[in-house]
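Below is the file my_file-v8.cif, which contains mmCIF, C-alpha atoms.
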data_model
#
loop_
_atom_site.label_atom_id
_atom_site.label_comp_id
_atom_site.auth_asym_id
_atom_site.auth_seq_id
_atom_site.Cartn_x
_atom_site.Cartn_y
_atom_site.Cartn_z
CA MET A 1 3.61 -14.70 -17.05
CA PHE A 2 0.37 -12.92 -16.22
CA ARG A 3 -1.02 -10.84 -19.09
CA PRO A 4 -4.39 -9.31 -18.18
CA SER A 5 -6.39 -7.16 -20.57
CA HIS A 6 -6.26 -3.41 -20.00
CA PHE A 7 -9.69 -3.42 -18.38
CA ALA A 8 -8.85 -6.38 -16.14
CA ALA A 9 -5.72 -4.53 -15.01
CA VAL A 10 -7.86 -1.47 -14.19
CA LEU A 11 -10.29 -3.60 -12.19
CA LEU A 12 -7.49 -5.32 -10.26
CA PHE A 13 -5.82 -1.99 -9.51
CA ALA A 14 -9.14 -0.48 -8.39
CA LEU A 15 -9.91 -3.49 -6.18
CA PHE A 16 -6.62 -3.53 -4.29
CA ALA A 17 -6.36 0.26 -3.91
CA SER A 18 -10.01 0.51 -2.76
CA VAL A 19 -9.52 -2.13 -0.05
CA VAL A 20 -6.53 -0.24 1.38
CA PHE A 21 -8.24 3.16 1.09
CA GLY A 22 -11.41 1.86 2.73
CA ILE A 23 -9.60 0.36 5.71
CA THR A 24 -7.19 3.22 6.29
CA GLN A 25 -9.40 6.23 5.66
CA ARG A 26 -12.48 5.31 7.73
CA GLU A 27 -12.99 4.11 11.30
CA THR A 28 -16.02 1.82 11.48
CA PRO A 29 -16.40 -1.37 9.40
CA ARG A 30 -19.64 -0.17 7.81
CA ARG A 31 -18.08 3.12 6.69
CA MET A 32 -14.95 1.26 5.51
CA ILE A 33 -17.02 -0.92 3.19
CA ARG A 34 -19.02 2.03 1.87
CA TYR A 35 -15.90 4.09 1.24
CA GLY A 36 -14.14 1.12 -0.38
CA ILE A 37 -17.04 0.62 -2.79
CA TYR A 38 -17.11 4.37 -3.48
CA CYS A 39 -13.38 4.38 -4.31
CA PHE A 40 -13.74 1.28 -6.52
CA VAL A 41 -16.56 2.88 -8.51
CA LEU A 42 -14.57 6.11 -8.88
CA PHE A 43 -11.40 4.29 -10.01
CA ALA A 44 -13.15 2.04 -12.51
CA GLY A 45 -15.69 4.66 -13.60
CA SER A 46 -13.11 7.37 -14.22
CA ALA A 47 -11.04 4.92 -16.29
CA VAL A 48 -14.08 4.14 -18.46
CA VAL A 49 -15.04 7.81 -18.86
CA LEU A 50 -11.48 8.90 -19.69
CA SER A 51 -11.15 6.04 -22.17
CA TRP A 52 -14.29 7.18 -24.00
CA LEU A 53 -13.04 10.79 -23.97
CA MET A 54 -9.72 9.76 -25.50
CA PHE A 55 -11.54 7.63 -28.05
CA LEU A 56 -13.75 10.55 -29.09
CA ILE A 57 -10.84 13.02 -29.18
CA ALA A 58 -8.77 10.67 -31.33
CA ARG A 59 -11.50 10.35 -33.99
CA MET B 1 5.30 16.51 45.56
CA ALA B 2 2.65 16.92 42.89
CA THR B 3 5.34 17.23 40.22
CA ALA B 4 6.94 13.97 41.33
CA GLN B 5 3.56 12.20 41.17
CA ASN B 6 2.92 13.55 37.67
CA THR B 7 6.38 12.37 36.59
CA ASN B 8 5.65 8.90 37.98
CA ILE B 9 2.32 8.72 36.17
CA ALA B 10 3.92 9.83 32.92
CA ALA B 11 6.72 7.27 33.33
CA LYS B 12 4.17 4.49 33.96
CA GLN B 13 2.18 5.49 30.90
CA ASN B 14 5.33 5.52 28.78
CA SER B 15 6.42 2.09 29.97
CA ARG B 16 2.92 0.74 29.23
CA GLN B 17 3.01 2.25 25.76
CA GLY B 18 6.36 0.75 24.81
CA PHE B 19 7.95 1.66 21.50
CA VAL B 20 5.31 3.73 19.71
CA TYR B 21 6.90 3.40 16.28
CA LEU B 22 7.02 -0.41 16.28
CA PRO B 23 3.73 -0.88 14.33
CA LEU B 24 4.88 1.75 11.82
CA ILE B 25 8.22 0.04 11.19
CA ALA B 26 6.76 -3.49 11.25
CA GLY B 27 3.97 -2.42 8.89
CA TRP B 28 6.48 -0.95 6.48
CA LEU B 29 8.75 -4.01 6.54
CA VAL B 30 5.95 -6.60 6.26
CA PRO B 31 2.54 -5.57 4.84
CA GLY B 32 -0.16 -5.86 7.50
CA ALA B 33 2.29 -6.61 10.34
CA GLY B 34 1.59 -3.28 12.06
CA HIS B 35 -2.10 -4.13 12.33
CA PHE B 36 -1.32 -7.70 13.44
CA LEU B 37 0.80 -6.28 16.29
CA LEU B 38 -2.23 -4.26 17.38
CA ARG B 39 -4.43 -7.37 17.16
CA LYS B 40 -6.44 -5.96 14.26
CA TRP B 41 -6.48 -9.33 12.54
CA GLY B 42 -9.18 -8.67 9.95
CA ARG B 43 -7.83 -5.32 8.80
CA GLY B 44 -4.27 -6.67 8.77
CA THR B 45 -5.23 -9.69 6.68
CA LEU B 46 -7.10 -7.60 4.11
CA LEU B 47 -4.26 -5.08 3.88
CA ALA B 48 -1.63 -7.80 3.57
CA ALA B 49 -3.65 -9.63 0.90
CA SER B 50 -4.18 -6.44 -1.12
CA ILE B 51 -0.59 -5.20 -0.96
CA LEU B 52 0.98 -8.63 -1.45
CA GLY B 53 -1.45 -9.38 -4.27
CA MET B 54 -0.62 -6.15 -6.03
CA PHE B 55 3.12 -6.68 -5.62
CA VAL B 56 3.04 -10.31 -6.79
CA LEU B 57 0.79 -9.52 -9.77
CA GLY B 58 3.17 -6.69 -10.68
CA LEU B 59 6.08 -9.12 -10.72
CA ALA B 60 4.00 -11.70 -12.62
CA MET B 61 3.33 -9.06 -15.29
CA GLN B 62 7.11 -8.74 -15.72
CA GLY B 63 7.13 -5.38 -13.98
CA LYS B 64 10.40 -3.62 -13.34
CA LEU B 65 11.93 -3.16 -9.89
CA TYR B 66 13.74 0.17 -9.78
CA ALA B 67 17.37 -0.42 -8.84
CA ASN B 68 18.98 2.96 -9.39
CA ALA B 69 17.97 6.57 -9.84
CA HIS B 70 19.39 8.19 -12.96
CA ASP B 71 16.64 10.76 -13.39
CA ILE B 72 13.78 12.22 -11.36
CA LEU B 73 11.21 9.69 -12.58
CA ASP B 74 13.51 6.85 -11.50
CA VAL B 75 13.87 8.50 -8.08
CA LEU B 76 10.09 8.58 -7.69
CA GLY B 77 9.78 4.98 -8.84
CA LEU B 78 12.52 3.88 -6.46
CA ALA B 79 10.85 5.75 -3.58
CA GLY B 80 7.58 3.96 -4.34
CA ASP B 81 9.30 0.57 -4.59
CA LEU B 82 11.08 1.10 -1.26
CA GLY B 83 7.65 1.41 0.37
CA ASN B 84 7.33 -2.35 -0.05
CA GLY B 85 9.95 -2.89 2.66
CA LEU B 86 11.26 -6.43 2.87
CA LEU B 87 9.30 -7.48 -0.22
CA TYR B 88 11.42 -5.13 -2.30
CA ILE B 89 14.70 -6.13 -0.67
CA LEU B 90 14.01 -9.87 -0.98
CA SER B 91 12.80 -9.54 -4.58
CA ARG B 92 15.92 -7.58 -5.51
CA ALA B 93 18.08 -10.18 -3.77
CA ALA B 94 16.29 -12.98 -5.66
CA GLY B 95 16.77 -11.17 -8.96
CA LEU B 96 13.03 -10.85 -9.61
CA GLY B 97 11.53 -8.16 -11.80
CA ALA B 98 12.39 -7.28 -15.37
CA ASP B 99 15.37 -5.08 -16.27
CA GLN B 100 13.62 -3.50 -19.24
CA VAL B 101 9.92 -2.94 -19.82
CA GLN B 102 9.04 -4.39 -23.22
CA LEU B 103 5.32 -5.08 -23.03
CA THR B 104 2.33 -2.92 -22.14
CA THR B 105 1.42 -5.32 -19.35
CA ALA B 106 4.99 -5.03 -18.02
CA ASP B 107 4.49 -1.28 -17.74
CA TYR B 108 1.29 -1.95 -15.78
CA GLY B 109 3.28 -4.37 -13.64
CA THR B 110 5.84 -1.68 -12.84
CA ARG B 111 3.04 0.66 -11.72
CA PHE B 112 1.44 -2.11 -9.66
CA ILE B 113 4.71 -2.60 -7.76
CA VAL B 114 5.17 1.14 -7.15
CA VAL B 115 1.56 1.60 -6.02
CA ALA B 116 1.80 -1.47 -3.76
CA GLY B 117 4.69 0.29 -2.02
CA LEU B 118 2.76 3.53 -1.64
CA LEU B 119 -0.31 1.68 -0.30
CA ASN B 120 1.96 -0.13 2.16
CA VAL B 121 3.20 3.21 3.49
CA ILE B 122 -0.42 4.36 3.94
CA ALA B 123 -1.20 1.11 5.80
CA ALA B 124 1.88 1.49 8.03
CA VAL B 125 0.91 5.07 8.91
CA ASP B 126 -2.61 3.83 9.69
CA ALA B 127 -1.11 1.27 12.10
CA HIS B 128 0.87 4.08 13.74
CA ASN B 129 -2.31 6.17 14.11
CA LEU B 130 -4.06 3.20 15.74
CA ARG B 131 -1.10 2.78 18.10
CA THR B 132 -1.07 6.42 19.19
CA GLY B 133 -4.86 6.52 19.59
CA ARG B 134 -5.39 9.03 16.82
CA LYS B 135 -7.67 6.45 15.19
CA SER B 136 -9.76 3.67 16.71
#
Written as structure tokens, how would this file's structure read?
Amino acid sequence: MFRPSHFAAVLLFALFASVVFGITQRETPRRMIRYGIYCFVLFAGSAVVLSWLMFLIAR
Amino acid sequence: MATAQNTNIAAKQNSRQGFVYLPLIAGWLVPGAGHFLLRKWGRGTLLAASILGMFVLGLAMQGKLYANAHDILDVLGLAGDLGNGLLYILSRAAGLGADQVQLTTADYGTRFIVVAGLLNVIAAVDAHNLRTGRKS
């Protein structure tokens, strides 16, 4: 059984989703890579920011 | 005369095009197959690896495969799972996937499987757009 940490699960999710978004939403390879990286940063970054927000609200 | 020529040209174009929805259906049934049919080997491989990876990791996390739809959330989950095409059918047939989610990681696994299905639908539609020339 595979039991990743919460953050590892976020990173895996962001990686796979970003690859598909990059390939399907842009036309040229260069723009695909740039958009994929952009999506990955947004996925992972928003998870980190929301986690901190929830942490601060819960205190 | 001109109408007959136009009809002939249109018929030739149609026969050259073949079944336009084949990449869409193939891409839905097998992740990446729509792109492989269009000889987009690199894109197809990356899509297949991402979708298969997400689906397999979801199962490895003891994620649940939706089997029935008792309420609206189950309907949505089932719709997402069905996006995996043959992966979902074969996994159901093999009895894979947990019946009940008991761990946090299993809940993540369930979402991984649903999202893999949704990403597969996006990839299949992309293959269809490539086939029709809407995308290059």
Output check: residues returned by the PyMOL selection byres ((chain B) within 9 of (chain A)), as a PyMOL selection string: chain B and resi 43+46-47+49-51+53-54+57-62+104-106+108+112+115-116+119-120+122-123+125-127+135-136
Å distance separating CA of Trp28 (chain B) from CA of His128 (chain B), one decimal place: 10.5 Å
The PyMOL selection byres ((chain B and resi 78) around 9) resolved against shown file, as a PyMOL selection string: chain B and resi 65-69+73-77+79-83+114
CA of Ala33 (chain B) to CA of Ile89 (chain B), straight-line distance in Å: 16.6 Å
Listed atoms of region 21-34 of chain B boxed axis-aligned with 8 Å per side, centre + edges as AutoDock Vina command-line options:
--center_x 4.3 --center_y -1.6 --center_z 10.6 --size_x 24.9 --size_y 26.0 --size_z 27.4
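If you look at CA of Gly42 (chain B) and CA of Phe19 (chain B), they are 23.1 Å away from each other.
Residue nearest Val20 (chain B) within the list B:Leu118, B:Ile113, B:Leu37, B:Leu86: B:Leu37 [criterion: smallest interatomic distance, only C-alpha atoms].
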Target residues per the PyMOL selection byres ((chain A and resi 42-46) around 10), formatted as a ChimeraX atom specification: /A:7,10-15,17-18,36-41,47-52
Selection near Val101 (chain B), 7 Å with all atoms listed in the file, sequence-local residues under 4 positions removed, as a PyMOL selection string: chain B and resi 63-64+106-107
How would region 121-136 of chain B look with N, CA and C atoms restored, written as a PDB file, keeping the file's coordinate frame?
ATOM      1  N   VAL B 121       2.857   2.074   2.613  1.00  0.00           N
ATOM      2  CA  VAL B 121       3.200   3.210   3.490  1.00  0.00           C
ATOM      3  C   VAL B 121       1.933   3.752   4.147  1.00  0.00           C
ATOM      4  N   ILE B 122       0.851   3.885   3.371  1.00  0.00           N
ATOM      5  CA  ILE B 122      -0.420   4.360   3.940  1.00  0.00           C
ATOM      6  C   ILE B 122      -0.886   3.409   5.051  1.00  0.00           C
ATOM      7  N   ALA B 123      -0.766   2.096   4.797  1.00  0.00           N
ATOM      8  CA  ALA B 123      -1.200   1.110   5.800  1.00  0.00           C
ATOM      9  C   ALA B 123      -0.329   1.188   7.048  1.00  0.00           C
ATOM     10  N   ALA B 124       0.981   1.397   6.872  1.00  0.00           N
ATOM     11  CA  ALA B 124       1.880   1.490   8.030  1.00  0.00           C
ATOM     12  C   ALA B 124       1.563   2.740   8.861  1.00  0.00           C
ATOM     13  N   VAL B 125       1.274   3.843   8.194  1.00  0.00           N
ATOM     14  CA  VAL B 125       0.910   5.070   8.910  1.00  0.00           C
ATOM     15  C   VAL B 125      -0.416   4.878   9.646  1.00  0.00           C
ATOM     16  N   ASP B 126      -1.334   4.130   9.043  1.00  0.00           N
ATOM     17  CA  ASP B 126      -2.610   3.830   9.690  1.00  0.00           C
ATOM     18  C   ASP B 126      -2.370   3.030  10.975  1.00  0.00           C
ATOM     19  N   ALA B 127      -1.445   2.055  10.910  1.00  0.00           N
ATOM     20  CA  ALA B 127      -1.110   1.270  12.100  1.00  0.00           C
ATOM     21  C   ALA B 127      -0.532   2.184  13.190  1.00  0.00           C
ATOM     22  N   HIS B 128       0.289   3.130  12.783  1.00  0.00           N
ATOM     23  CA  HIS B 128       0.870   4.080  13.740  1.00  0.00           C
ATOM     24  C   HIS B 128      -0.239   4.944  14.372  1.00  0.00           C
ATOM     25  N   ASN B 129      -1.189   5.370  13.576  1.00  0.00           N
ATOM     26  CA  ASN B 129      -2.310   6.170  14.110  1.00  0.00           C
ATOM     27  C   ASN B 129      -3.151   5.360  15.093  1.00  0.00           C
ATOM     28  N   LEU B 130      -3.325   4.071  14.799  1.00  0.00           N
ATOM     29  CA  LEU B 130      -4.060   3.200  15.740  1.00  0.00           C
ATOM     30  C   LEU B 130      -3.281   3.081  17.038  1.00  0.00           C
ATOM     31  N   ARG B 131      -1.964   2.968  16.918  1.00  0.00           N
ATOM     32  CA  ARG B 131      -1.100   2.780  18.100  1.00  0.00           C
ATOM     33  C   ARG B 131      -1.119   4.017  19.004  1.00  0.00           C
ATOM     34  N   THR B 132      -1.113   5.189  18.385  1.00  0.00           N
ATOM     35  CA  THR B 132      -1.070   6.420  19.190  1.00  0.00           C
ATOM     36  C   THR B 132      -2.458   6.843  19.655  1.00  0.00           C
ATOM     37  N   GLY B 133      -3.512   6.171  19.163  1.00  0.00           N
ATOM     38  CA  GLY B 133      -4.860   6.520  19.590  1.00  0.00           C
ATOM     39  C   GLY B 133      -5.500   7.606  18.752  1.00  0.00           C
ATOM     40  N   ARG B 134      -4.808   8.009  17.689  1.00  0.00           N
ATOM     41  CA  ARG B 134      -5.390   9.030  16.820  1.00  0.00           C
ATOM     42  C   ARG B 134      -6.568   8.452  16.035  1.00  0.00           C
ATOM     43  N   LYS B 135      -6.575   7.139  15.882  1.00  0.00           N
ATOM     44  CA  LYS B 135      -7.670   6.450  15.190  1.00  0.00           C
ATOM     45  C   LYS B 135      -8.064   5.243  16.008  1.00  0.00           C
ATOM     46  N   SER B 136      -9.334   4.850  15.921  1.00  0.00           N
ATOM     47  CA  SER B 136      -9.760   3.670  16.710  1.00  0.00           C
ATOM     48  C   SER B 136     -10.079   2.499  15.797  1.00  0.00           C
TER      49      SER B 136
END
